[in-house]
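Here's the structure, in structure tokens; my notes come after.
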Amino acid sequence: MTMLPNYSSQDCPRAWEMMPWVLQASATQEQGEWLTHHLAHCEACRAEFAQQKRLKQAMSLPSHVDVDMEAGLQRLLGRLDAPVEAPQHVHARRSGGWLTRALAAAVLIQAIGIGALGLKVWTPGDSATYRTLSQEPATPATAGAIRVVPDAGMTLADWNALLHSLQLQVVGGPNDVGAYTVAPAASTASQQNTLQQLRAAHGIRLAEPVSDTP
Amino acid sequence: MSSTDAIKPMNDADLNTDATDRQLLQRMAAGDRTALAILYRNYHGRLCRFLSRQTRRPEVIEEVINDCFWIAWQKAGDFRGDSRVSTWIMGIAYRCGLKALRQHGEEPVEDNIPEERMPADDPDEDRELRDWLSKGLERLSHDQRVVVELVYGEGHTLDDVAAIMQCPVGTVKARLFHARVKLRNVLPALAERSLTFKEQAP
Ligand SMILES: [Zn+2]
């Protein structure tokens, strides 16, 4: 059994909803004034607002877990030099070094991105959750191919419309983590450009270039 | 689903911070490690707080923070700029946190914080508030805790939280609502007369 909010007038739900935003000062002045007015007349909402204030105050206390920031930073900087970043790449510009870095990053990023999907959406078999895109069997590389993971909530119509607008066609997938391989139908658009548009598109969770490098 | 009731006009301080963060990302994209260090130090406190709602283990918190910044370092050049940098970073941290919790096992949030882990200078009032809060938070689902932390602890809007958790605004609203109802029931100190109903499905 749970107690629902104690609404004493039809304005109460609105007041309830508005409280956190007034507290964090993201509500408009008008909304703030409306709430103040309501609170003056509504004891139940006054009690709730007091509780909300206390919650915010409690939430603002610094972390009680002691984590050594400088030691952590040193370990992170050390990690940047670890296996993947060969010295000759250190000074590489993003445009030149990106692919190399992306390949290194891909395993982790995909493990995270896909892993989260696996957990929440596809609930595949145990091992599949931790499979990364780079571990899947090699498919013949198509020029400009991109692996894309659409959001679970994306409709087929939206997916088709997006592919159509970017002149892409599905050439593989979905694999067991829900990733599709898409490639340009016409070889006009630059892969980087297409990638950016895919990543910006609503409903796209992940888009990474397919590399034929192992 | 409208979130117009929670439009956050960025104030000057927000804008300045975000402009600084963007510059730091640009420098990171060009390989500037000093910029990475600055961003790391700027975000360390809030990431610790955010992640300590999900685990009490300092080594796991550090691992998640470092995974987060490792990705931020790799992806700095890809930052699209359609959200604030803080939203982008919290989103990465949220996903890294999910991964870490899966790997290390999600531990229940303890009833009371062990004495030895309490900062020595924690005033009684703060301690009381922490106890009050941890009693409430332990009753929330992981997602509800994250929403509560992002809204009340970090001051993110509904739209921000939806971007961070990559879910619809309506889902965030529902999580926030149910978290508040639970908190209200667990922490009735300030609550007054309430009617009792069956809890609705989340
Ligand atoms: Zn009311």
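Within each chain, counting starts at residue 1; across the structure tokens, chains are named A, B, ... in the order shown, with ligands numbered 1 upward in that order.
Every residue having at least one atom no farther than 8 Å from ligand 1 is included below, with only C-alpha atoms and all ligand atoms taken into account: Asn6, Tyr7, Ser8, Ser9, Gln10, Asp11, Cys12, Pro13, Ala15, Trp16, His38, Leu39, His41, Cys42, Glu43, Ala44, Cys45 and Arg46 of chain A.
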Test item: chain A residues at most 6 Å from chain B, counting only C-alpha atoms, as a ChimeraX atom specification: /A:1-3,6,24,26-27,47,56,58-60,63,67,76
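Straight-line separation from CA of Gln167 (chain A) to CA of Ala185 (chain A): 5.5 Å.
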Residues near Ser86 (chain B), cut-off 12 Å, only C-alpha atoms, skip fewer than 2 positions along chain, as a VMD selection string: chain B and resid 14 to 15 17 to 22 25 39 to 40 42 to 44 46 to 47 72 79 81 to 84 88 to 94 150 154 to 156 160 to 161 163 to 164
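Checking A:Thr155, A:Phe49, A:Met69, A:Leu23 one by one against Pro5 (chain A), counting only C-alpha atoms, you find the shortest gap at A:Phe49.
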Residues near region 142-146 of chain A, cut-off 8 Å, only C-alpha atoms, skip fewer than 2 positions along chain, as an MDAnalysis selection string: chainID A and resid 140 148 181:184 190:191 195 207:210
Residues from the last selection, N, CA, C and O atoms, saved as a PDB file, in the first residue's frame:
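Generated output (result_0.pdb):
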```pdb
ATOM      1  N   PRO A 140      32.386  -9.072 -45.254  1.00  0.00           N
ATOM      2  CA  PRO A 140      33.151  -8.344 -46.256  1.00  0.00           C
ATOM      3  C   PRO A 140      32.908  -6.852 -46.094  1.00  0.00           C
ATOM      4  O   PRO A 140      31.775  -6.413 -46.005  1.00  0.00           O
ATOM      5  N   VAL A 148      25.093   0.609 -36.951  1.00  0.00           N
ATOM      6  CA  VAL A 148      24.130   1.494 -36.298  1.00  0.00           C
ATOM      7  C   VAL A 148      23.260   0.688 -35.341  1.00  0.00           C
ATOM      8  O   VAL A 148      22.808  -0.400 -35.670  1.00  0.00           O
ATOM      9  N   THR A 181      24.273  -3.161 -40.067  1.00  0.00           N
ATOM     10  CA  THR A 181      25.317  -2.567 -40.886  1.00  0.00           C
ATOM     11  C   THR A 181      24.625  -1.876 -42.061  1.00  0.00           C
ATOM     12  O   THR A 181      23.801  -2.488 -42.737  1.00  0.00           O
ATOM     13  N   VAL A 182      24.928  -0.599 -42.221  1.00  0.00           N
ATOM     14  CA  VAL A 182      24.324   0.136 -43.323  1.00  0.00           C
ATOM     15  C   VAL A 182      25.426   0.685 -44.212  1.00  0.00           C
ATOM     16  O   VAL A 182      26.547   0.896 -43.766  1.00  0.00           O
ATOM     17  N   ALA A 183      25.107   0.892 -45.466  1.00  0.00           N
ATOM     18  CA  ALA A 183      26.094   1.432 -46.395  1.00  0.00           C
ATOM     19  C   ALA A 183      25.396   2.398 -47.335  1.00  0.00           C
ATOM     20  O   ALA A 183      24.182   2.279 -47.567  1.00  0.00           O
ATOM     21  N   PRO A 184      26.136   3.370 -47.849  1.00  0.00           N
ATOM     22  CA  PRO A 184      25.511   4.335 -48.764  1.00  0.00           C
ATOM     23  C   PRO A 184      25.013   3.663 -50.037  1.00  0.00           C
ATOM     24  O   PRO A 184      25.716   2.836 -50.608  1.00  0.00           O
ATOM     25  N   SER A 190      29.956  11.729 -47.817  1.00  0.00           N
ATOM     26  CA  SER A 190      31.132  11.303 -47.073  1.00  0.00           C
ATOM     27  C   SER A 190      30.675  10.521 -45.854  1.00  0.00           C
ATOM     28  O   SER A 190      29.631  10.790 -45.269  1.00  0.00           O
ATOM     29  N   GLN A 191      31.459   9.534 -45.505  1.00  0.00           N
ATOM     30  CA  GLN A 191      31.085   8.687 -44.370  1.00  0.00           C
ATOM     31  C   GLN A 191      30.997   9.512 -43.092  1.00  0.00           C
ATOM     32  O   GLN A 191      30.104   9.334 -42.281  1.00  0.00           O
ATOM     33  N   LEU A 195      27.868   9.795 -40.738  1.00  0.00           N
ATOM     34  CA  LEU A 195      27.983   9.415 -39.326  1.00  0.00           C
ATOM     35  C   LEU A 195      27.424  10.496 -38.424  1.00  0.00           C
ATOM     36  O   LEU A 195      26.666  10.233 -37.492  1.00  0.00           O
ATOM     37  N   ALA A 207      26.386   4.945 -33.624  1.00  0.00           N
ATOM     38  CA  ALA A 207      26.780   4.781 -35.014  1.00  0.00           C
ATOM     39  C   ALA A 207      28.295   4.830 -35.062  1.00  0.00           C
ATOM     40  O   ALA A 207      28.898   5.789 -34.605  1.00  0.00           O
ATOM     41  N   GLU A 208      28.894   3.768 -35.565  1.00  0.00           N
ATOM     42  CA  GLU A 208      30.349   3.702 -35.637  1.00  0.00           C
ATOM     43  C   GLU A 208      30.744   3.196 -37.011  1.00  0.00           C
ATOM     44  O   GLU A 208      30.078   2.330 -37.574  1.00  0.00           O
ATOM     45  N   PRO A 209      31.822   3.741 -37.548  1.00  0.00           N
ATOM     46  CA  PRO A 209      32.275   3.251 -38.842  1.00  0.00           C
ATOM     47  C   PRO A 209      32.727   1.801 -38.737  1.00  0.00           C
ATOM     48  O   PRO A 209      33.280   1.402 -37.727  1.00  0.00           O
ATOM     49  N   VAL A 210      32.450   1.032 -39.783  1.00  0.00           N
ATOM     50  CA  VAL A 210      32.954  -0.338 -39.828  1.00  0.00           C
ATOM     51  C   VAL A 210      34.353  -0.267 -40.409  1.00  0.00           C
ATOM     52  O   VAL A 210      34.581   0.348 -41.443  1.00  0.00           O
TER      53      VAL A 210
END
```
CA of Ala201 (chain A) to CA of Leu162 (chain A), straight-line distance in Å: 7.9 Å
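With CA of Leu35 (chain A) on one side and CA of Gln51 (chain A) on the other, the separation reads 15.1 Å.
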